[in-house]
>>> print(open('coords-v6.cif').read())   # mmCIF, C-alpha atoms
data_start
loop_
_atom_site.label_atom_id
_atom_site.label_comp_id
_atom_site.auth_asym_id
_atom_site.auth_seq_id
_atom_site.Cartn_x
_atom_site.Cartn_y
_atom_site.Cartn_z
CA MET A 1 15.30 -2.03 85.97
CA SER A 2 14.50 -5.64 85.27
CA LEU A 3 12.39 -7.28 87.92
CA LEU A 4 11.39 -10.88 88.56
CA HIS A 5 8.11 -11.50 90.38
CA THR A 6 7.42 -14.90 91.90
CA VAL A 7 3.81 -15.73 92.81
CA ASN A 8 2.92 -18.82 94.87
CA LYS A 9 -0.84 -18.46 95.39
CA SER A 10 -3.62 -19.70 93.11
CA PRO A 11 -5.70 -16.89 91.54
CA PHE A 12 -8.75 -19.08 92.22
CA SER A 13 -8.33 -18.51 95.97
CA LYS A 14 -6.26 -15.31 96.42
CA ASP A 15 -5.73 -11.94 94.71
CA THR A 16 -1.93 -12.28 94.93
CA LEU A 17 -1.40 -12.77 91.18
CA LEU A 18 -3.91 -10.03 90.32
CA ASN A 19 -2.07 -7.56 92.59
CA CYS A 20 1.25 -8.53 91.04
CA LEU A 21 -0.05 -8.11 87.49
CA ALA A 22 -1.44 -4.67 88.40
CA ILE A 23 2.08 -3.30 88.85
CA CYS A 24 3.83 -5.32 86.13
CA GLN A 25 5.65 -3.36 83.46
CA ALA A 26 7.52 -4.20 80.27
CA LYS A 27 10.86 -5.94 80.98
CA HIS A 28 9.43 -7.54 84.09
CA SER A 29 9.17 -11.32 84.31
CA VAL A 30 6.61 -13.30 86.32
CA LEU A 31 7.41 -16.81 87.54
CA LEU A 32 4.47 -18.82 88.85
CA ILE A 33 5.47 -21.33 91.53
CA GLU A 34 3.66 -23.75 93.87
CA ASP A 35 -0.14 -23.15 93.66
CA GLY A 36 0.68 -20.02 91.64
CA VAL A 37 0.96 -22.26 88.57
CA TYR A 38 -2.86 -22.46 88.49
CA GLY A 39 -2.64 -18.88 87.22
CA ALA A 40 -1.24 -20.26 83.95
CA LEU A 41 -4.35 -22.34 83.22
CA LYS A 42 -6.42 -21.50 80.17
CA SER A 43 -9.34 -21.14 82.59
CA SER A 44 -7.33 -18.80 84.86
CA PRO A 45 -9.25 -15.73 86.06
CA CYS A 46 -6.11 -13.74 85.11
CA ARG A 47 -5.82 -15.07 81.56
CA GLU A 48 -6.85 -11.82 79.89
CA GLN A 49 -4.37 -9.73 81.92
CA ILE A 50 -1.56 -12.22 81.27
CA GLU A 51 -2.15 -12.14 77.53
CA GLN A 52 -2.33 -8.33 77.47
CA LEU A 53 0.86 -7.93 79.52
CA SER A 54 2.61 -10.58 77.46
CA ALA A 55 1.85 -8.53 74.33
CA MET A 56 3.41 -5.52 76.13
CA GLY A 57 6.66 -7.38 76.74
CA VAL A 58 6.16 -8.96 80.18
CA ARG A 59 7.46 -12.53 80.17
CA PHE A 60 5.58 -15.31 81.96
CA PHE A 61 6.97 -18.58 83.29
CA ALA A 62 5.62 -21.47 85.37
CA LEU A 63 7.84 -23.78 87.39
CA SER A 64 7.77 -27.07 85.52
CA ALA A 65 7.97 -29.40 88.55
CA ASP A 66 5.06 -27.60 90.24
CA VAL A 67 3.00 -27.75 87.02
CA SER A 68 3.64 -31.49 86.62
CA ALA A 69 2.90 -32.16 90.30
CA ARG A 70 -0.59 -30.73 89.66
CA GLY A 71 -1.10 -32.52 86.33
CA ILE A 72 -1.96 -29.38 84.39
CA ASP A 73 0.80 -29.49 81.73
CA GLU A 74 -1.66 -29.76 78.85
CA ASN A 75 -3.95 -26.88 79.82
CA LEU A 76 -1.66 -23.86 79.95
CA ILE A 77 -1.90 -20.48 78.24
CA ALA A 78 0.50 -20.33 75.25
CA ASP A 79 2.14 -17.14 76.60
CA VAL A 80 3.45 -19.01 79.67
CA THR A 81 6.76 -20.84 79.26
CA LEU A 82 7.68 -23.81 81.44
CA ALA A 83 10.80 -23.23 83.55
CA SER A 84 13.06 -25.77 85.28
CA ASP A 85 14.68 -25.14 88.68
CA GLN A 86 17.83 -24.14 86.76
CA ASP A 87 15.78 -21.68 84.69
CA PHE A 88 14.49 -20.21 87.99
CA VAL A 89 18.08 -19.62 89.11
CA ASN A 90 18.93 -18.05 85.74
CA LEU A 91 15.90 -15.73 85.97
CA VAL A 92 17.02 -14.58 89.44
CA VAL A 93 20.53 -13.94 88.14
CA LYS A 94 19.36 -12.15 84.99
CA ASN A 95 16.97 -9.77 86.76
CA ASN A 96 18.21 -7.02 89.11
CA VAL A 97 15.71 -7.81 91.86
CA THR A 98 13.37 -10.65 92.78
CA GLN A 99 10.03 -9.70 94.35
CA SER A 100 8.23 -12.61 96.01
CA TRP A 101 4.44 -12.41 96.28
CA TYR A 102 2.89 -14.77 98.83
CA MET B 1 26.97 -15.01 91.56
CA LYS B 2 26.53 -14.52 95.34
CA LEU B 3 23.01 -15.49 96.40
CA SER B 4 21.07 -15.68 99.67
CA ILE B 5 17.67 -17.11 100.53
CA ALA B 6 15.03 -16.27 103.15
CA VAL B 7 12.58 -19.03 104.15
CA TYR B 8 9.33 -18.02 105.90
CA GLY B 9 7.38 -21.30 105.85
CA ALA B 10 7.50 -24.39 108.05
CA PRO B 11 7.95 -27.84 106.52
CA HIS B 12 4.66 -29.77 106.09
CA SER B 13 2.48 -26.66 106.38
CA SER B 14 3.65 -24.78 103.30
CA GLU B 15 5.75 -25.47 100.22
CA ALA B 16 8.20 -22.67 101.05
CA SER B 17 10.99 -24.88 102.36
CA GLU B 18 10.57 -27.38 99.50
CA SER B 19 10.74 -24.61 96.89
CA ALA B 20 13.64 -22.94 98.67
CA TYR B 21 15.59 -26.18 98.88
CA ARG B 22 15.08 -26.96 95.19
CA PHE B 23 16.22 -23.45 94.28
CA ALA B 24 19.22 -23.70 96.62
CA SER B 25 20.23 -27.08 95.31
CA ALA B 26 19.96 -25.96 91.67
CA ALA B 27 21.92 -22.76 92.34
CA CYS B 28 24.74 -24.64 94.11
CA SER B 29 24.97 -27.30 91.40
CA MET B 30 25.20 -24.53 88.79
CA GLY B 31 28.27 -23.11 90.53
CA HIS B 32 26.68 -20.08 92.21
CA SER B 33 27.80 -19.14 95.68
CA LEU B 34 24.91 -19.51 98.14
CA ILE B 35 26.10 -17.51 101.12
CA ARG B 36 23.27 -17.81 103.60
CA VAL B 37 19.84 -19.32 104.12
CA PHE B 38 17.93 -17.28 106.71
CA PHE B 39 15.00 -18.96 108.44
CA TYR B 40 12.39 -16.50 109.69
CA HIS B 41 8.83 -16.70 111.07
CA ASP B 42 7.53 -20.31 110.83
CA GLY B 43 10.59 -21.08 108.70
CA VAL B 44 12.53 -21.68 111.93
CA HIS B 45 10.86 -25.12 112.18
CA ASN B 46 13.21 -26.21 109.35
CA ALA B 47 15.95 -26.26 111.99
CA SER B 48 14.31 -28.64 114.47
CA SER B 49 16.32 -31.79 115.14
CA LEU B 50 13.32 -33.32 116.94
CA ALA B 51 11.00 -33.54 113.93
CA ILE B 52 10.67 -37.14 112.69
CA PRO B 53 8.86 -37.28 109.33
CA PRO B 54 7.98 -40.80 108.04
CA GLN B 55 10.96 -42.46 106.33
CA ASP B 56 9.47 -42.16 102.85
CA GLU B 57 8.88 -38.42 103.23
CA THR B 58 11.27 -35.50 102.82
CA GLN B 59 13.78 -35.22 105.66
CA THR B 60 13.78 -31.43 105.56
CA THR B 61 16.27 -30.65 108.33
CA GLN B 62 18.78 -33.31 107.24
CA ARG B 63 18.55 -32.16 103.65
CA TRP B 64 19.46 -28.56 104.56
CA GLN B 65 22.30 -29.84 106.74
CA ALA B 66 23.74 -31.98 103.93
CA LEU B 67 23.54 -29.13 101.40
CA ALA B 68 25.14 -26.68 103.84
CA LEU B 69 27.97 -29.09 104.58
CA GLU B 70 28.67 -29.78 100.91
CA PHE B 71 28.58 -26.16 99.76
CA ASN B 72 29.59 -24.31 102.92
CA ILE B 73 26.34 -22.39 103.43
CA ASP B 74 25.37 -20.43 106.58
CA LEU B 75 22.09 -21.75 107.97
CA VAL B 76 20.86 -18.96 110.24
CA VAL B 77 17.71 -19.05 112.39
CA CYS B 78 16.17 -15.83 113.70
CA VAL B 79 16.45 -15.85 117.49
CA ALA B 80 13.16 -14.08 118.28
CA ALA B 81 11.19 -16.25 115.83
CA ALA B 82 12.92 -19.39 117.15
CA LEU B 83 12.45 -18.81 120.87
CA ARG B 84 8.73 -18.12 120.63
CA ARG B 85 8.31 -21.35 118.62
CA GLY B 86 10.43 -23.55 120.87
CA ILE B 87 13.54 -23.86 118.70
CA VAL B 88 16.54 -23.48 121.02
CA ASN B 89 20.24 -24.25 121.08
CA THR B 90 22.20 -25.33 124.17
CA GLU B 91 23.00 -21.74 125.14
CA GLU B 92 19.36 -20.61 125.06
CA ALA B 93 18.21 -23.81 126.80
CA GLU B 94 20.57 -23.04 129.66
CA ARG B 95 19.63 -19.38 129.75
CA TYR B 96 15.91 -20.20 130.10
CA ASP B 97 16.45 -23.35 132.16
CA LEU B 98 14.79 -25.62 129.58
CA GLU B 99 14.77 -29.44 129.62
CA SER B 100 16.42 -29.85 126.22
CA GLN B 101 17.69 -28.17 123.10
CA ASN B 102 16.59 -28.98 119.56
CA LEU B 103 18.57 -26.86 117.10
CA GLY B 104 19.91 -29.14 114.37
CA LYS B 105 23.66 -29.38 113.81
CA GLY B 106 24.89 -26.91 111.24
CA PHE B 107 22.20 -24.32 112.08
CA GLU B 108 22.99 -21.27 114.18
CA ILE B 109 20.70 -18.93 116.07
CA SER B 110 21.33 -15.25 115.43
CA GLY B 111 19.62 -11.91 115.01
CA LEU B 112 17.61 -10.33 112.22
CA GLY B 113 20.73 -8.36 111.33
CA GLN B 114 21.95 -11.50 109.60
CA LEU B 115 19.10 -11.17 107.09
CA LEU B 116 20.09 -7.57 106.41
CA ASP B 117 23.72 -8.64 106.11
CA ALA B 118 22.70 -11.37 103.63
CA ALA B 119 20.83 -8.78 101.55
CA VAL B 120 23.80 -6.42 101.55
CA SER B 121 26.58 -8.93 100.98
CA SER B 122 24.77 -10.99 98.31
CA GLU B 123 23.99 -9.87 94.79
CA ARG B 124 20.52 -11.43 94.95
CA LEU B 125 18.17 -12.29 97.83
CA VAL B 126 15.21 -14.55 97.13
CA SER B 127 12.36 -14.96 99.64
CA PHE B 128 10.16 -18.05 99.88
CA GLY B 129 6.93 -17.17 101.71
CA HIS B 130 4.40 -19.44 103.35
#
>>> encode(input="coords-v6.cif", output="structure tokens")
Amino acid sequence: MSLLHTVNKSPFSKDTLLNCLAICQAKHSVLLIEDGVYGALKSSPCREQIEQLSAMGVRFFALSADVSARGIDENLIADVTLASDQDFVNLVVKNNVTQSWY
Amino acid sequence: MKLSIAVYGAPHSSEASESAYRFASAACSMGHSLIRVFFYHDGVHNASSLAIPPQDETQTTQRWQALALEFNIDLVVCVAAALRRGIVNTEEAERYDLESQNLGKGFEISGLGQLLDAAVSSERLVSFGH
């Protein structure tokens, strides 16, 4: 089953993203929103896990407006794709279930 | 596609309602059918008609009301979460002999069953936590 995870906490302050990544499987997608977008930074404490999971087929996105609001557009891991609000809606539609981590 | 949303965060103390509104607005403009927005926990503060943010800031309650009116969306507030946080409609204000009511127009107070119903009758339910 395809599953979309949304994560809204920064990995610099909470383990939310780490816990999400621990149960991620191929065909899952992870959308980083709000402070969760800090997880997409090159200096993210979860960078290694994100790159490993990405190689296994997990797709990673960061909500574009939330990335821009924090001025971190230029410092993101290459495996993370920017997503618009419309892309968020499309991800919800495309996946069977959305699991929100907060 | 039929969608519903659950909002758990209050305006000004978390981004939940901002994120939820942006998602709701995008979904509606893309032609999806947003059936219900359920406000739970601190999310019930989204329904307060007595909150006056500065004019140049987001008018959260009015924005939900306008979206609901345009796209015919149920705005449902959990009764138990609302009462303990001082969000009441006329009926509850009378029942508890309160001085005033503050539930914004277009919002309704109902039970948690409405969240379950939203989950069952929609194809997707998306939660926005605090």
>>> resolve_selection(input="coords-v6.cif", expression="the PyMOL selection byres ((chain B and resi 96-113) around 7)", output="list of chain:residue names")
B:Ala47, B:Ser48, B:Ser49, B:Leu50, B:Gln65, B:Leu75, B:Val76, B:Val77, B:Cys78, B:Val79, B:Ile87, B:Val88, B:Asn89, B:Thr90, B:Glu92, B:Ala93, B:Glu94, B:Arg95, B:Gln114, B:Leu115, B:Leu116, B:Asp117
>>> residues_around(input="coords-v6.cif", residues="Trp101 of chain A", least_positions_apart="5", cutoff="9 Å", atoms="all atoms listed in the file", output="JSON list (two decimals) with C-alpha atoms, keeping the file's coordinate frame")
[["chain", "number", "residue", "atom", "x", "y", "z"],
["A", 5, "HIS", "CA", 8.11, -11.50, 90.38],
["A", 6, "THR", "CA", 7.42, -14.90, 91.90],
["A", 7, "VAL", "CA", 3.81, -15.73, 92.81],
["A", 8, "ASN", "CA", 2.92, -18.82, 94.87],
["A", 9, "LYS", "CA", -0.84, -18.46, 95.39],
["A", 16, "THR", "CA", -1.93, -12.28, 94.93],
["A", 17, "LEU", "CA", -1.40, -12.77, 91.18],
["A", 19, "ASN", "CA", -2.07, -7.56, 92.59],
["A", 20, "CYS", "CA", 1.25, -8.53, 91.04],
["B", 127, "SER", "CA", 12.36, -14.96, 99.64],
["B", 128, "PHE", "CA", 10.16, -18.05, 99.88],
["B", 129, "GLY", "CA", 6.93, -17.17, 101.71]]
>>> resolve_selection(input="coords-v6.cif", expression="the PyMOL selection byres ((chain B) within 7 of (chain A))", output="PyMOL selection string")
chain B and resi 15+22-23+26-27+124+126-130
>>> closest_residue(input="coords-v6.cif", among="A:Ala83, A:Leu53, A:Leu31, A:Met1", to="Ala65 of chain A", atoms="all atoms listed in the file")
A:Ala83
>>> residues_around(input="coords-v6.cif", residues="Arg47 of chain A", least_positions_apart="5", cutoff="12 Å", atoms="all atoms listed in the file", output="compact mmCIF listing (two decimals) with C-alpha atoms, keeping the file's coordinate frame")
# COMPACT_ATOMS: atom_id res chain seq x y z
CA PRO A 11 -5.70 -16.89 91.54
CA PHE A 12 -8.75 -19.08 92.22
CA LEU A 17 -1.40 -12.77 91.18
CA LEU A 18 -3.91 -10.03 90.32
CA LEU A 21 -0.05 -8.11 87.49
CA TYR A 38 -2.86 -22.46 88.49
CA GLY A 39 -2.64 -18.88 87.22
CA ALA A 40 -1.24 -20.26 83.95
CA LEU A 41 -4.35 -22.34 83.22
CA LYS A 42 -6.42 -21.50 80.17
CA GLN A 52 -2.33 -8.33 77.47
CA LEU A 53 0.86 -7.93 79.52
CA SER A 54 2.61 -10.58 77.46
CA PHE A 60 5.58 -15.31 81.96
CA LEU A 76 -1.66 -23.86 79.95
CA ILE A 77 -1.90 -20.48 78.24
CA ALA A 78 0.50 -20.33 75.25
CA ASP A 79 2.14 -17.14 76.60
CA VAL A 80 3.45 -19.01 79.67
>>> atom_distance(input="coords-v6.cif", atom1="atom CA of Lys2 of chain B", atom2="atom CA of Ser33 of chain B")
4.8 Å
>>> closest_residue(input="coords-v6.cif", among="A:Ala55, A:Leu91, A:Val37, A:Cys24", to="Asn75 of chain A", atoms="all atoms listed in the file")
A:Val37
>>> atom_distance(input="coords-v6.cif", atom1="atom CA of Ser13 of chain B", atom2="atom CA of His45 of chain B")
10.3 Å
>>> atom_distance(input="coords-v6.cif", atom1="atom CA of Gly86 of chain B", atom2="atom CA of Gln62 of chain B")
18.7 Å
>>> resolve_selection(input="coords-v6.cif", expression="the PyMOL selection byres ((chain B and resi 8) around 10)", output="PyMOL selection string")
chain B and resi 5-7+9-11+14+16-17+20+38-46+127-130
>>> write_last_selection(input="coords-v6.cif", atoms="C-alpha atoms", output="short mmCIF file (atom, residue, chain, number, x, y, z; two decimals), in the frame of the given file")
data_model
loop_
_atom_site.label_atom_id
_atom_site.label_comp_id
_atom_site.auth_asym_id
_atom_site.auth_seq_id
_atom_site.Cartn_x
_atom_site.Cartn_y
_atom_site.Cartn_z
CA ILE B 5 17.67 -17.11 100.53
CA ALA B 6 15.03 -16.27 103.15
CA VAL B 7 12.58 -19.03 104.15
CA GLY B 9 7.38 -21.30 105.85
CA ALA B 10 7.50 -24.39 108.05
CA PRO B 11 7.95 -27.84 106.52
CA SER B 14 3.65 -24.78 103.30
CA ALA B 16 8.20 -22.67 101.05
CA SER B 17 10.99 -24.88 102.36
CA ALA B 20 13.64 -22.94 98.67
CA PHE B 38 17.93 -17.28 106.71
CA PHE B 39 15.00 -18.96 108.44
CA TYR B 40 12.39 -16.50 109.69
CA HIS B 41 8.83 -16.70 111.07
CA ASP B 42 7.53 -20.31 110.83
CA GLY B 43 10.59 -21.08 108.70
CA VAL B 44 12.53 -21.68 111.93
CA HIS B 45 10.86 -25.12 112.18
CA ASN B 46 13.21 -26.21 109.35
CA SER B 127 12.36 -14.96 99.64
CA PHE B 128 10.16 -18.05 99.88
CA GLY B 129 6.93 -17.17 101.71
CA HIS B 130 4.40 -19.44 103.35
#
>>> build_atoms(input="coords-v6.cif", residues="segment 91-121 of chain B", atoms="N, CA and C atoms", output="tab-separated table (two decimals), in the coordinates of the input")
chain	number	residue	atom	x	y	z
B	91	GLU	N	22.83	-23.01	124.43
B	91	GLU	CA	23.00	-21.74	125.14
B	91	GLU	C	21.66	-21.16	125.62
B	92	GLU	N	20.68	-21.15	124.70
B	92	GLU	CA	19.36	-20.61	125.06
B	92	GLU	C	18.64	-21.53	126.04
B	93	ALA	N	18.84	-22.85	125.89
B	93	ALA	CA	18.21	-23.81	126.80
B	93	ALA	C	18.71	-23.59	128.22
B	94	GLU	N	20.01	-23.31	128.34
B	94	GLU	CA	20.57	-23.04	129.66
B	94	GLU	C	20.08	-21.72	130.21
B	95	ARG	N	20.05	-20.72	129.33
B	95	ARG	CA	19.63	-19.38	129.75
B	95	ARG	C	18.21	-19.40	130.31
B	96	TYR	N	17.32	-20.17	129.67
B	96	TYR	CA	15.91	-20.20	130.10
B	96	TYR	C	15.58	-21.44	130.93
B	97	ASP	N	16.61	-22.18	131.31
B	97	ASP	CA	16.45	-23.35	132.16
B	97	ASP	C	15.46	-24.36	131.55
B	98	LEU	N	15.68	-24.70	130.29
B	98	LEU	CA	14.79	-25.62	129.58
B	98	LEU	C	15.31	-27.06	129.69
B	99	GLU	N	14.41	-28.03	129.47
B	99	GLU	CA	14.77	-29.44	129.62
B	99	GLU	C	15.72	-29.92	128.53
B	100	SER	N	15.59	-29.36	127.32
B	100	SER	CA	16.42	-29.85	126.22
B	100	SER	C	16.64	-28.76	125.18
B	101	GLN	N	17.49	-29.06	124.25
B	101	GLN	CA	17.69	-28.17	123.10
B	101	GLN	C	17.32	-28.95	121.84
B	102	ASN	N	17.01	-28.26	120.76
B	102	ASN	CA	16.59	-28.98	119.56
B	102	ASN	C	17.06	-28.33	118.26
B	103	LEU	N	18.07	-27.48	118.33
B	103	LEU	CA	18.57	-26.86	117.10
B	103	LEU	C	19.47	-27.87	116.38
B	104	GLY	N	19.13	-28.17	115.14
B	104	GLY	CA	19.91	-29.14	114.37
B	104	GLY	C	21.35	-28.69	114.18
B	105	LYS	N	22.24	-29.68	114.07
B	105	LYS	CA	23.66	-29.38	113.81
B	105	LYS	C	23.79	-28.62	112.50
B	106	GLY	N	24.68	-27.65	112.48
B	106	GLY	CA	24.89	-26.91	111.24
B	106	GLY	C	24.05	-25.64	111.18
B	107	PHE	N	23.01	-25.55	112.01
B	107	PHE	CA	22.20	-24.32	112.08
B	107	PHE	C	22.75	-23.45	113.20
B	108	GLU	N	22.63	-22.15	113.07
B	108	GLU	CA	22.99	-21.27	114.18
B	108	GLU	C	21.86	-20.28	114.44
B	109	ILE	N	21.72	-19.91	115.71
B	109	ILE	CA	20.70	-18.93	116.07
B	109	ILE	C	21.36	-17.55	116.12
B	110	SER	N	20.75	-16.60	115.43
B	110	SER	CA	21.33	-15.25	115.43
B	110	SER	C	20.22	-14.23	115.22
B	111	GLY	N	20.61	-12.97	115.09
B	111	GLY	CA	19.62	-11.91	115.01
B	111	GLY	C	19.18	-11.59	113.60
B	112	LEU	N	18.16	-10.74	113.51
B	112	LEU	CA	17.61	-10.33	112.22
B	112	LEU	C	18.64	-9.59	111.37
B	113	GLY	N	19.65	-9.05	112.05
B	113	GLY	CA	20.73	-8.36	111.33
B	113	GLY	C	21.40	-9.24	110.30
B	114	GLN	N	21.34	-10.57	110.55
B	114	GLN	CA	21.95	-11.50	109.60
B	114	GLN	C	21.18	-11.56	108.28
B	115	LEU	N	19.88	-11.23	108.34
B	115	LEU	CA	19.10	-11.17	107.09
B	115	LEU	C	19.50	-9.92	106.30
B	116	LEU	N	19.65	-8.82	107.03
B	116	LEU	CA	20.09	-7.57	106.41
B	116	LEU	C	21.48	-7.75	105.81
B	117	ASP	N	22.35	-8.40	106.59
B	117	ASP	CA	23.72	-8.64	106.11
B	117	ASP	C	23.71	-9.51	104.85
B	118	ALA	N	22.80	-10.50	104.81
B	118	ALA	CA	22.70	-11.37	103.63
B	118	ALA	C	22.27	-10.55	102.42
B	119	ALA	N	21.32	-9.62	102.64
B	119	ALA	CA	20.83	-8.78	101.55
B	119	ALA	C	21.94	-7.88	101.02
B	120	VAL	N	22.75	-7.36	101.94
B	120	VAL	CA	23.80	-6.42	101.55
B	120	VAL	C	24.98	-7.14	100.90
B	121	SER	N	25.36	-8.28	101.46
B	121	SER	CA	26.58	-8.93	100.98
B	121	SER	C	26.33	-9.91	99.82
